[in-house]
>>> print(open('model-v4.csv').read())   # CSV, C-alpha atoms and all ligand atoms
chain,number,residue,atom,x,y,z
U,30,MET,CA,-13.9,0.5,-31.5
U,31,ALA,CA,-11.9,-0.5,-28.4
U,32,GLU,CA,-13.9,-0.8,-25.3
U,33,LEU,CA,-12.7,0.8,-22.1
U,34,PHE,CA,-12.6,-1.3,-19.0
U,35,ASN,CA,-14.8,0.1,-16.3
U,36,PHE,CA,-14.6,-1.1,-12.7
U,37,ASN,CA,-18.2,-0.5,-12.2
U,38,GLU,CA,-19.0,-3.1,-14.8
U,39,ILE,CA,-17.6,-5.9,-12.7
U,40,GLY,CA,-20.9,-7.8,-12.6
U,41,ALA,CA,-22.8,-9.6,-9.8
U,42,ILE,CA,-21.2,-13.0,-10.6
U,43,GLU,CA,-17.7,-11.6,-10.6
U,44,ARG,CA,-18.4,-9.7,-7.5
U,45,SER,CA,-19.7,-12.7,-5.6
U,46,SER,CA,-16.8,-14.8,-6.9
U,47,MET,CA,-14.4,-12.0,-5.7
U,48,LYS,CA,-16.1,-12.2,-2.4
U,49,LYS,CA,-15.9,-16.0,-2.3
U,50,ASN,CA,-12.3,-16.0,-3.4
U,51,ARG,CA,-11.6,-13.0,-1.4
U,52,ILE,CA,-9.7,-14.8,1.3
U,53,ASP,CA,-7.4,-16.6,-1.2
U,54,PHE,CA,-7.0,-13.6,-3.5
U,55,SER,CA,-6.6,-11.1,-0.7
U,56,LYS,CA,-4.0,-13.3,0.9
U,57,LEU,CA,-2.0,-13.4,-2.3
U,58,TYR,CA,-2.5,-9.7,-2.9
U,59,SER,CA,-1.5,-8.7,0.6
U,60,ARG,CA,1.5,-11.0,0.5
U,61,LEU,CA,2.7,-9.6,-2.9
U,62,SER,CA,1.9,-6.0,-2.0
U,63,GLU,CA,3.6,-6.3,1.4
U,64,LYS,CA,6.7,-7.7,-0.3
U,65,SER,CA,6.5,-4.9,-2.9
U,66,ARG,CA,6.2,-2.2,-0.3
U,67,GLU,CA,9.2,-3.6,1.4
U,68,ASP,CA,11.2,-3.9,-1.9
U,69,SER,CA,10.3,-0.3,-2.9
U,70,LYS,CA,11.2,1.2,0.5
U,71,PRO,CA,13.8,3.9,0.0
U,72,SER,CA,17.1,3.9,2.0
U,73,HIS,CA,17.6,7.6,1.7
U,74,CYS,CA,15.2,10.5,2.1
U,75,LEU,CA,14.1,11.6,-1.4
U,76,TYR,CA,14.5,15.3,-0.4
U,77,CYS,CA,17.6,15.7,1.8
U,78,GLU,CA,19.2,12.5,0.5
U,79,GLN,CA,20.3,11.5,4.0
U,80,LYS,CA,20.3,7.8,4.9
U,81,HIS,CA,17.3,6.9,7.2
U,82,ASN,CA,15.7,3.8,8.7
U,83,LYS,CA,12.4,5.4,9.4
U,84,PHE,CA,10.3,7.4,7.0
U,85,CYS,CA,7.5,9.8,7.6
U,86,ASN,CA,3.9,9.1,6.6
U,87,SER,CA,3.3,12.0,4.2
U,88,HIS,CA,-0.3,12.7,3.3
U,89,SER,CA,-1.4,13.6,-0.2
U,90,VAL,CA,-4.1,15.8,1.3
U,91,PRO,CA,-2.8,17.4,4.5
U,92,ALA,CA,-4.4,15.6,7.5
U,93,SER,CA,-5.3,19.0,9.0
U,94,PHE,CA,-7.6,19.6,5.9
U,95,LEU,CA,-9.0,16.0,5.9
U,96,ARG,CA,-10.0,16.4,9.5
U,97,ASN,CA,-12.6,19.0,8.5
U,98,ILE,CA,-14.6,16.4,6.7
U,99,ALA,CA,-13.9,13.3,8.9
U,100,VAL,CA,-16.6,11.6,11.0
U,101,ASP,CA,-15.1,9.8,14.0
U,102,GLY,CA,-11.6,10.2,12.4
U,103,LYS,CA,-12.6,8.5,9.2
U,104,VAL,CA,-13.4,9.5,5.6
U,105,TYR,CA,-14.8,7.6,2.6
U,106,THR,CA,-12.5,6.5,-0.2
U,107,THR,CA,-13.5,6.4,-3.9
U,108,ASN,CA,-14.2,2.7,-3.3
U,109,LYS,CA,-17.2,3.7,-1.3
U,110,ILE,CA,-18.8,4.4,-4.7
U,111,LEU,CA,-17.4,1.4,-6.5
U,112,ASP,CA,-17.7,-1.0,-3.6
U,113,LEU,CA,-15.1,-3.5,-4.9
U,114,PRO,CA,-14.7,-6.2,-2.3
U,115,LEU,CA,-10.9,-6.2,-2.1
U,116,PHE,CA,-10.5,-2.5,-1.2
U,117,ASP,CA,-11.3,-0.3,1.7
U,118,THR,CA,-14.4,1.9,1.5
U,119,GLU,CA,-13.2,4.1,4.4
U,120,LYS,CA,-10.0,5.1,6.0
U,121,GLY,CA,-8.7,6.8,9.1
U,122,VAL,CA,-7.4,10.3,8.5
U,123,ASN,CA,-3.9,9.3,9.6
U,124,ASN,CA,-3.5,6.7,6.8
U,125,SER,CA,-5.5,8.2,4.0
U,126,GLY,CA,-3.5,8.7,0.8
U,127,THR,CA,-0.1,8.3,2.5
U,128,PHE,CA,3.3,7.6,1.1
U,129,GLN,CA,6.7,7.1,2.7
U,130,LEU,CA,9.6,8.7,0.9
U,131,ILE,CA,11.0,11.4,3.1
U,132,CYS,CA,12.3,11.8,6.6
U,133,ARG,CA,10.2,13.4,9.4
U,134,GLN,CA,12.4,16.5,9.5
U,135,CYS,CA,11.8,17.2,5.8
U,136,ASP,CA,8.1,16.4,6.0
U,137,ASN,CA,7.8,19.0,8.8
U,138,GLN,CA,9.8,21.6,6.8
U,139,ILE,CA,9.1,21.4,3.1
U,140,PHE,CA,5.2,21.6,3.0
U,141,ARG,CA,4.8,23.9,6.0
U,142,GLU,CA,3.6,27.0,4.1
U,143,TYR,CA,1.0,25.4,2.0
U,144,GLU,CA,-0.4,23.1,4.7
U,145,ASN,CA,-1.2,26.1,7.0
U,146,TYR,CA,-4.7,27.3,6.4
U,147,LEU,CA,-3.8,30.8,7.7
U,148,ASN,CA,-1.7,31.3,4.5
U,149,TYR,CA,-4.8,31.2,2.4
U,150,LYS,CA,-6.0,34.6,3.7
U,151,GLU,CA,-4.0,36.0,0.8
U,152,HIS,CA,-3.3,34.6,-2.6
U,153,PRO,CA,-1.1,31.6,-2.4
U,154,THR,CA,2.6,32.3,-3.1
U,155,ASP,CA,4.8,30.7,-5.8
U,156,LYS,CA,6.5,28.8,-3.0
U,157,MET,CA,3.2,27.3,-1.8
U,158,ILE,CA,2.3,26.3,-5.3
U,159,ALA,CA,5.7,24.6,-5.8
U,160,GLN,CA,5.3,22.8,-2.5
U,161,ILE,CA,1.9,21.4,-3.7
U,162,ALA,CA,3.4,20.3,-7.1
U,163,LEU,CA,6.4,18.8,-5.3
U,164,LYS,CA,4.2,16.6,-3.2
U,165,ASN,CA,2.0,15.6,-6.1
U,166,HIS,CA,5.1,14.4,-8.0
U,167,MET,CA,6.3,12.6,-4.9
U,168,ARG,CA,3.0,10.8,-4.5
U,169,PHE,CA,3.4,9.4,-8.1
U,170,ILE,CA,7.0,8.6,-7.5
U,171,GLY,CA,5.9,6.5,-4.5
U,172,LYS,CA,3.1,4.9,-6.6
U,173,ARG,CA,5.3,4.0,-9.5
U,174,ARG,CA,8.1,2.6,-7.3
U,175,PHE,CA,5.5,0.4,-5.6
U,176,GLU,CA,4.0,-0.7,-9.0
U,177,ILE,CA,7.4,-1.6,-10.4
U,178,SER,CA,8.1,-3.9,-7.5
U,179,LEU,CA,4.6,-5.3,-7.6
U,180,TYR,CA,5.0,-6.2,-11.4
U,181,ASN,CA,8.3,-7.8,-10.7
U,182,ASN,CA,6.9,-9.8,-7.9
U,183,MET,CA,3.9,-10.8,-10.0
U,184,LYS,CA,6.3,-12.0,-12.7
U,185,GLU,CA,8.2,-14.1,-10.2
U,186,GLU,CA,5.0,-15.5,-8.7
U,187,PHE,CA,3.7,-16.6,-12.1
U,188,SER,CA,7.0,-18.1,-13.2
U,189,LYS,CA,6.6,-20.5,-10.3
U,190,LYS,CA,3.5,-21.9,-11.9
U,191,SER,CA,4.0,-24.6,-14.4
U,192,ALA,CA,1.7,-23.2,-17.1
U,193,ARG,CA,3.4,-20.0,-17.8
U,194,ASN,CA,1.3,-17.4,-19.6
U,195,HIS,CA,3.5,-15.6,-22.2
U,196,LEU,CA,0.8,-13.2,-23.1
U,197,LEU,CA,0.5,-12.1,-19.5
U,198,ASP,CA,4.3,-11.9,-19.2
U,199,GLY,CA,4.4,-9.6,-22.2
U,200,TYR,CA,1.7,-7.5,-20.7
U,201,ILE,CA,3.5,-7.1,-17.4
U,202,ASP,CA,6.8,-6.3,-19.3
U,203,ASP,CA,4.9,-3.5,-21.1
U,204,MET,CA,3.5,-2.1,-17.9
U,205,LEU,CA,7.0,-2.2,-16.4
U,206,ARG,CA,8.5,-0.3,-19.2
U,207,VAL,CA,5.8,2.4,-19.0
U,208,ALA,CA,6.0,2.6,-15.2
U,209,ASN,CA,9.8,3.1,-15.5
U,210,LEU,CA,9.5,5.8,-18.0
U,211,ASP,CA,6.8,7.5,-15.9
U,212,LEU,CA,9.0,7.3,-12.8
U,213,LEU,CA,11.9,9.1,-14.5
U,214,GLU,CA,9.6,11.8,-15.6
U,215,TYR,CA,8.2,12.4,-12.1
U,216,ILE,CA,11.7,12.4,-10.6
U,217,ARG,CA,12.6,15.1,-13.1
U,218,ASP,CA,9.6,17.2,-12.2
U,219,PHE,CA,10.3,16.6,-8.5
U,220,LYS,CA,13.8,17.9,-8.9
U,221,HIS,CA,12.6,20.9,-10.8
U,222,CYS,CA,10.1,21.8,-8.0
U,223,LYS,CA,12.8,21.4,-5.4
U,224,LYS,CA,14.9,23.9,-7.3
U,225,ILE,CA,12.0,26.3,-7.5
U,226,ILE,CA,11.7,26.2,-3.7
U,227,GLU,CA,15.4,26.5,-2.9
U,228,LYS,CA,16.2,29.2,-5.4
U,229,GLU,CA,12.8,31.0,-4.8
U,230,TRP,CA,12.1,31.1,-8.6
U,231,LEU,CA,8.9,32.9,-9.6
U,232,ASN,CA,6.3,32.1,-12.3
U,233,GLU,CA,7.3,28.5,-12.8
U,234,HIS,CA,3.7,27.5,-12.4
U,235,TYR,CA,0.6,29.1,-13.7
U,236,LEU,CA,-2.3,29.3,-11.2
U,237,PHE,CA,-5.3,29.9,-13.5
U,238,TYR,CA,-8.0,29.3,-10.9
U,239,TYR,CA,-8.1,30.2,-7.3
U,240,GLU,CA,-11.4,30.2,-5.5
U,241,LYS,CA,-12.3,30.6,-1.8
U,242,LEU,CA,-15.8,29.3,-1.1
U,243,ASP,CA,-17.5,30.5,2.0
U,244,TYR,CA,-18.6,27.0,3.1
U,245,THR,CA,-16.8,23.7,3.8
U,246,VAL,CA,-17.3,21.2,0.9
U,247,PRO,CA,-17.7,17.5,1.8
U,248,ILE,CA,-14.8,16.3,-0.3
U,249,ALA,CA,-11.0,16.7,-0.3
U,250,PHE,CA,-8.5,16.2,-3.0
U,251,GLN,CA,-4.9,17.0,-3.9
U,252,GLY,CA,-3.2,15.6,-7.0
U,253,GLU,CA,-2.2,15.9,-10.6
U,254,VAL,CA,-4.3,14.5,-13.4
U,255,CYS,CA,-3.8,13.9,-17.0
U,256,LEU,CA,-6.6,15.4,-19.1
U,257,ASN,CA,-7.4,13.6,-22.3
U,258,PHE,CA,-9.5,16.3,-24.0
U,259,ASP,CA,-10.5,20.0,-23.6
U,260,PHE,CA,-14.1,21.2,-23.4
U,261,LEU,CA,-14.5,21.0,-27.2
U,262,GLY,CA,-13.2,17.4,-27.3
U,263,HIS,CA,-9.8,18.4,-28.8
U,264,PRO,CA,-7.0,16.2,-27.6
U,265,ILE,CA,-4.6,17.4,-24.8
U,266,ASN,CA,-2.7,14.3,-23.9
U,267,ASP,CA,-2.3,11.1,-25.8
U,268,ILE,CA,-2.0,8.7,-22.9
U,269,TYR,CA,-1.3,5.8,-25.2
U,270,ASN,CA,1.7,7.4,-26.7
U,271,LYS,CA,4.5,5.5,-25.0
U,272,SER,CA,7.4,7.2,-26.8
U,273,LYS,CA,10.1,8.4,-24.4
U,274,ASP,CA,10.1,11.7,-26.2
U,275,TYR,CA,6.4,12.4,-25.6
U,276,LYS,CA,5.7,14.3,-22.4
U,277,LEU,CA,2.4,14.3,-20.7
U,278,GLN,CA,1.2,17.7,-19.5
U,279,THR,CA,-0.6,17.5,-16.2
U,280,LEU,CA,-3.1,19.6,-14.3
U,281,HIS,CA,-2.7,20.1,-10.6
U,282,ILE,CA,-5.9,20.3,-8.6
U,283,SER,CA,-6.4,21.1,-4.9
U,284,ILE,CA,-9.7,21.0,-3.0
U,285,PHE,CA,-9.0,21.9,0.6
U,286,PRO,CA,-11.9,22.0,3.1
U,287,ILE,CA,-11.1,24.3,5.9
U,288,GLU,CA,-13.3,25.6,8.7
U,289,SER,CA,-16.3,27.3,7.2
U,290,GLN,CA,-14.4,27.8,3.9
U,291,SER,CA,-12.9,25.8,1.1
U,292,ILE,CA,-9.9,26.5,-1.1
U,293,ILE,CA,-9.9,25.4,-4.7
U,294,MET,CA,-7.0,25.7,-7.0
U,295,LEU,CA,-6.1,24.7,-10.5
U,296,PHE,CA,-2.6,25.2,-11.9
U,297,THR,CA,-0.1,23.8,-14.3
U,298,LYS,CA,3.6,24.0,-15.0
U,299,ASN,CA,4.3,27.1,-17.0
U,300,GLY,CA,4.8,26.4,-20.6
U,301,ASN,CA,2.4,23.5,-20.8
U,302,LYS,CA,1.1,24.7,-24.1
U,303,ARG,CA,-1.3,21.8,-24.8
U,304,LEU,CA,-3.4,23.0,-21.8
U,305,ARG,CA,-3.8,26.5,-23.0
U,306,GLN,CA,-7.1,26.1,-24.8
U,307,PHE,CA,-8.4,24.2,-21.8
U,308,TYR,CA,-7.9,27.0,-19.3
U,309,LYS,CA,-9.1,29.6,-21.7
U,310,GLN,CA,-12.4,27.6,-22.1
U,311,TYR,CA,-12.5,27.0,-18.4
U,312,SER,CA,-12.2,30.7,-17.5
U,313,SER,CA,-15.2,31.5,-19.6
U,314,LEU,CA,-17.5,29.1,-17.7
U,315,GLU,CA,-20.0,30.3,-15.1
U,316,HIS,CA,-19.0,29.8,-11.4
U,317,LYS,CA,-21.2,26.7,-10.8
U,318,ASP,CA,-20.1,25.1,-14.1
U,319,LYS,CA,-16.5,25.6,-13.2
U,320,LEU,CA,-17.1,23.6,-10.0
U,321,SER,CA,-18.9,20.9,-11.8
U,322,ALA,CA,-16.1,20.5,-14.3
U,323,ILE,CA,-13.5,20.1,-11.4
U,324,ASN,CA,-15.9,17.7,-9.7
U,325,PHE,CA,-16.2,15.6,-12.9
U,326,ILE,CA,-12.4,15.7,-13.6
U,327,ILE,CA,-11.4,14.4,-10.2
U,328,PHE,CA,-13.9,11.5,-10.1
U,329,SER,CA,-13.2,10.4,-13.7
U,330,LEU,CA,-9.4,10.7,-13.6
U,331,SER,CA,-8.3,9.9,-10.1
U,332,GLU,CA,-9.0,7.3,-7.5
U,333,ASP,CA,-7.8,9.5,-4.7
U,334,VAL,CA,-10.9,11.6,-3.8
U,335,PHE,CA,-11.8,11.6,-0.1
U,336,MET,CA,-15.4,12.2,0.9
U,337,SER,CA,-17.2,13.0,4.2
U,338,LYS,CA,-18.9,10.1,5.9
U,339,SER,CA,-21.8,12.5,6.5
U,340,LEU,CA,-22.8,12.3,2.8
U,341,HIS,CA,-26.1,10.5,2.2
U,342,ASP,CA,-25.9,7.0,0.7
U,343,ARG,CA,-28.0,8.0,-2.3
U,344,PHE,CA,-25.0,10.0,-3.6
U,345,MET,CA,-22.8,6.9,-3.3
U,346,GLU,CA,-25.3,4.8,-5.1
U,347,ASN,CA,-25.8,7.3,-8.0
U,348,ASP,CA,-25.5,5.2,-11.2
U,349,SER,CA,-23.8,8.0,-13.2
U,350,LEU,CA,-21.3,8.6,-10.5
U,351,LYS,CA,-20.6,4.9,-10.2
U,352,ARG,CA,-19.9,4.8,-13.9
U,353,VAL,CA,-17.7,7.9,-13.9
U,354,ALA,CA,-15.7,6.8,-10.8
U,355,GLY,CA,-15.2,3.4,-12.4
U,356,LEU,CA,-13.6,4.8,-15.5
U,357,THR,CA,-10.1,3.6,-16.4
U,358,SER,CA,-8.1,4.1,-19.5
U,359,ILE,CA,-7.5,0.3,-19.8
U,360,GLN,CA,-8.7,-0.8,-23.2
U,361,PHE,CA,-9.5,-4.3,-24.3
U,362,SER,CA,-9.4,-4.6,-28.1
U,363,GLU,CA,-8.9,-7.6,-30.2
U,364,LYS,CA,-6.6,-5.9,-32.7
U,365,ASN,CA,-4.5,-4.4,-30.0
U,366,ASN,CA,-4.7,-1.0,-31.8
U,367,ILE,CA,-5.0,1.0,-28.7
U,368,SER,CA,-6.1,4.6,-29.5
U,369,GLN,CA,-7.7,7.7,-28.2
U,370,GLU,CA,-11.1,7.0,-29.7
U,371,GLY,CA,-12.3,4.8,-26.9
U,372,LEU,CA,-11.7,7.7,-24.5
U,373,THR,CA,-13.6,10.4,-26.3
U,374,GLU,CA,-17.1,9.5,-25.3
U,375,GLU,CA,-16.4,8.3,-21.7
U,376,PHE,CA,-14.2,11.3,-20.6
U,377,ASP,CA,-16.4,13.9,-22.4
U,378,LEU,CA,-16.4,17.0,-20.2
U,379,SER,CA,-19.9,17.9,-21.4
U,380,LYS,CA,-21.1,15.1,-19.1
U,381,ARG,CA,-20.0,17.1,-16.1
U,382,ASN,CA,-23.6,17.8,-14.9
U,383,ASP,CA,-24.6,14.1,-15.0
U,384,ILE,CA,-23.1,13.4,-11.6
U,385,PRO,CA,-23.8,14.9,-8.2
U,386,ASN,CA,-21.6,18.1,-7.7
U,387,PHE,CA,-20.1,17.8,-4.3
U,388,LEU,CA,-18.5,21.2,-4.6
U,389,LEU,CA,-21.9,22.8,-4.3
U,390,MET,CA,-22.7,20.9,-1.1
U,391,GLU,CA,-22.0,22.0,2.4
U,392,ASN,CA,-20.4,19.5,4.8
U,401,ZN,ZN,15.0,14.4,4.6
>>> encode(input="model-v4.csv", output="structure tokens")
Amino acid sequence: MAELFNFNEIGAIERSSMKKNRIDFSKLYSRLSEKSREDSKPSHCLYCEQKHNKFCNSHSVPASFLRNIAVDGKVYTTNKILDLPLFDTEKGVNNSGTFQLICRQCDNQIFREYENYLNYKEHPTDKMIAQIALKNHMRFIGKRRFEISLYNNMKEEFSKKSARNHLLDGYIDDMLRVANLDLLEYIRDFKHCKKIIEKEWLNEHYLFYYEKLDYTVPIAFQGEVCLNFDFLGHPINDIYNKSKDYKLQTLHISIFPIESQSIIMLFTKNGNKRLRQFYKQYSSLEHKDKLSAINFIIFSLSEDVFMSKSLHDRFMENDSLKRVAGLTSIQFSEKNNISQEGLTEEFDLSKRNDIPNFLLMEN
């Protein structure tokens, strides 16, 4: 069976060598990533399509929500749990989960309804849901654009070295192909959401869970994730299917800490049939169990969870949480027969109660 790569299994020796080589490696990484950021910079606003020189710092989780869990203006990143030497363990609210793809004017306009906590007194509108989905797609468009530049720059960097590694070249080419396909898909979804907002279409998304908790949770999240299995272990998405005709069906999750309350939402694009069993099963869970499922899903499937610095270290050092947060879908197998089976055990939703449930905690 193919083994999954887990960031948490980077052992003491590798960690100390990462630390030792940190300066060299982080110099190379920051040089390449700086160049890639520059290369992937847009010339036109993704939304209004006007030419601009300066782009706004858009936040995946609105800064106004992040502030409710910040201590001295800072929050923990997922790397606080993994503690990989090359990455930040905490970030300032103003540069947490940011991307630069649209102009300031658009950033002020297009997310306004959903970013205003007063609008959660009532059930969120179709427009607010579409605004959230729009931003989630944008976040991935930004990520993929950056990755495509980074892979290209890595290829160029390696080609300068005399001993060229063809295996590595092939691997990078493969990642480039997948990232390009992904990018097209996210752009399509983005355009669809833009239409929903402009034409005021209704029922394009299906909000199957909306919960207002009467306390402020110590974590914040906004994003779309790709579930591998439902609660019974039946496949939802085959993430190794790289055919251009195969479409991943994603789940949007929002965890917004507001003053003395928290908003939690789960929704999907209407017509995502492969998720139907999942939300039926989800709806039948008890309240606490629903929260532990969301908690498990975001830590296992995303690296973009922000946590309050007021959380006790013992949570950050929890072994099960370290393992779950370190999960990736990267497989190393000798035969190169990448399949779903390596994922079944690791991403099993029945393990949801093995990790601390931050959604039951008060900030
Ligand atoms: Zn614009």
>>> residues_near_ligand(input="model-v4.csv", ligand="ligand ZN 401 (chain U)", cutoff="10 Å", atoms="all atoms listed in the file", output="MDAnalysis selection string")
chainID U and resid 73:81 84:85 130:139
>>> closest_residue(input="model-v4.csv", among="U:Arg96, U:Asn82, U:His341, U:Phe140", to="U:Gly121", atoms="only C-alpha atoms")
U:Arg96
>>> residues_around(input="model-v4.csv", residues="U:Asn382", least_positions_apart="2", cutoff="7 Å", atoms="all atoms listed in the file", output="MDAnalysis selection string")
chainID U and resid 321 380 384
>>> atom_distance(input="model-v4.csv", atom1="atom CA of U:Ser55", atom2="atom CA of U:Ile110")
20.1 Å
>>> atom_distance(input="model-v4.csv", atom1="atom CA of U:Pro114", atom2="atom CA of U:Lys338")
18.7 Å
>>> closest_residue(input="model-v4.csv", among="U:Leu113, U:Ile327, U:Met183, U:Ile158", to="U:Leu236", atoms="only C-alpha atoms")
U:Ile158
>>> closest_residue(input="model-v4.csv", among="U:Glu67, U:Phe260, U:His88, U:Tyr143", to="U:Leu314", atoms="only C-alpha atoms")
U:Phe260
>>> atom_distance(input="model-v4.csv", atom1="atom CA of U:Tyr244", atom2="atom CA of U:Leu389")
9.1 Å
>>> residues_around(input="model-v4.csv", residues="U:Met167", least_positions_apart="4", cutoff="8 Å", atoms="all atoms listed in the file", output="PDB file with C-alpha atoms, in the coordinates of the input")
ATOM      1  CA  LEU U 130       9.600   8.700   0.900  1.00  0.00           C
ATOM      2  CA  LEU U 163       6.400  18.800  -5.300  1.00  0.00           C
ATOM      3  CA  GLY U 171       5.900   6.500  -4.500  1.00  0.00           C
ATOM      4  CA  TYR U 215       8.200  12.400 -12.100  1.00  0.00           C
ATOM      5  CA  ILE U 216      11.700  12.400 -10.600  1.00  0.00           C
ATOM      6  CA  PHE U 219      10.300  16.600  -8.500  1.00  0.00           C
TER       7      PHE U 219
END
>>> closest_residue(input="model-v4.csv", among="U:Phe237, U:Thr357, U:Glu186, U:Asn324", to="U:Arg60", atoms="only C-alpha atoms")
U:Glu186
>>> closest_residue(input="model-v4.csv", among="U:Ala41, U:Ala162, U:Ile292, U:Ile226", to="U:Val254", atoms="all atoms listed in the file")
U:Ala162
>>> residues_around(input="model-v4.csv", residues="U:Asn86", least_positions_apart="2", cutoff="6 Å", atoms="all atoms listed in the file", output="ChimeraX atom specification")
/U:127-129
>>> closest_residue(input="model-v4.csv", among="U:Asn181, U:Asn35, U:Thr245, U:Ile170", to="U:Pro71", atoms="only C-alpha atoms")
U:Ile170
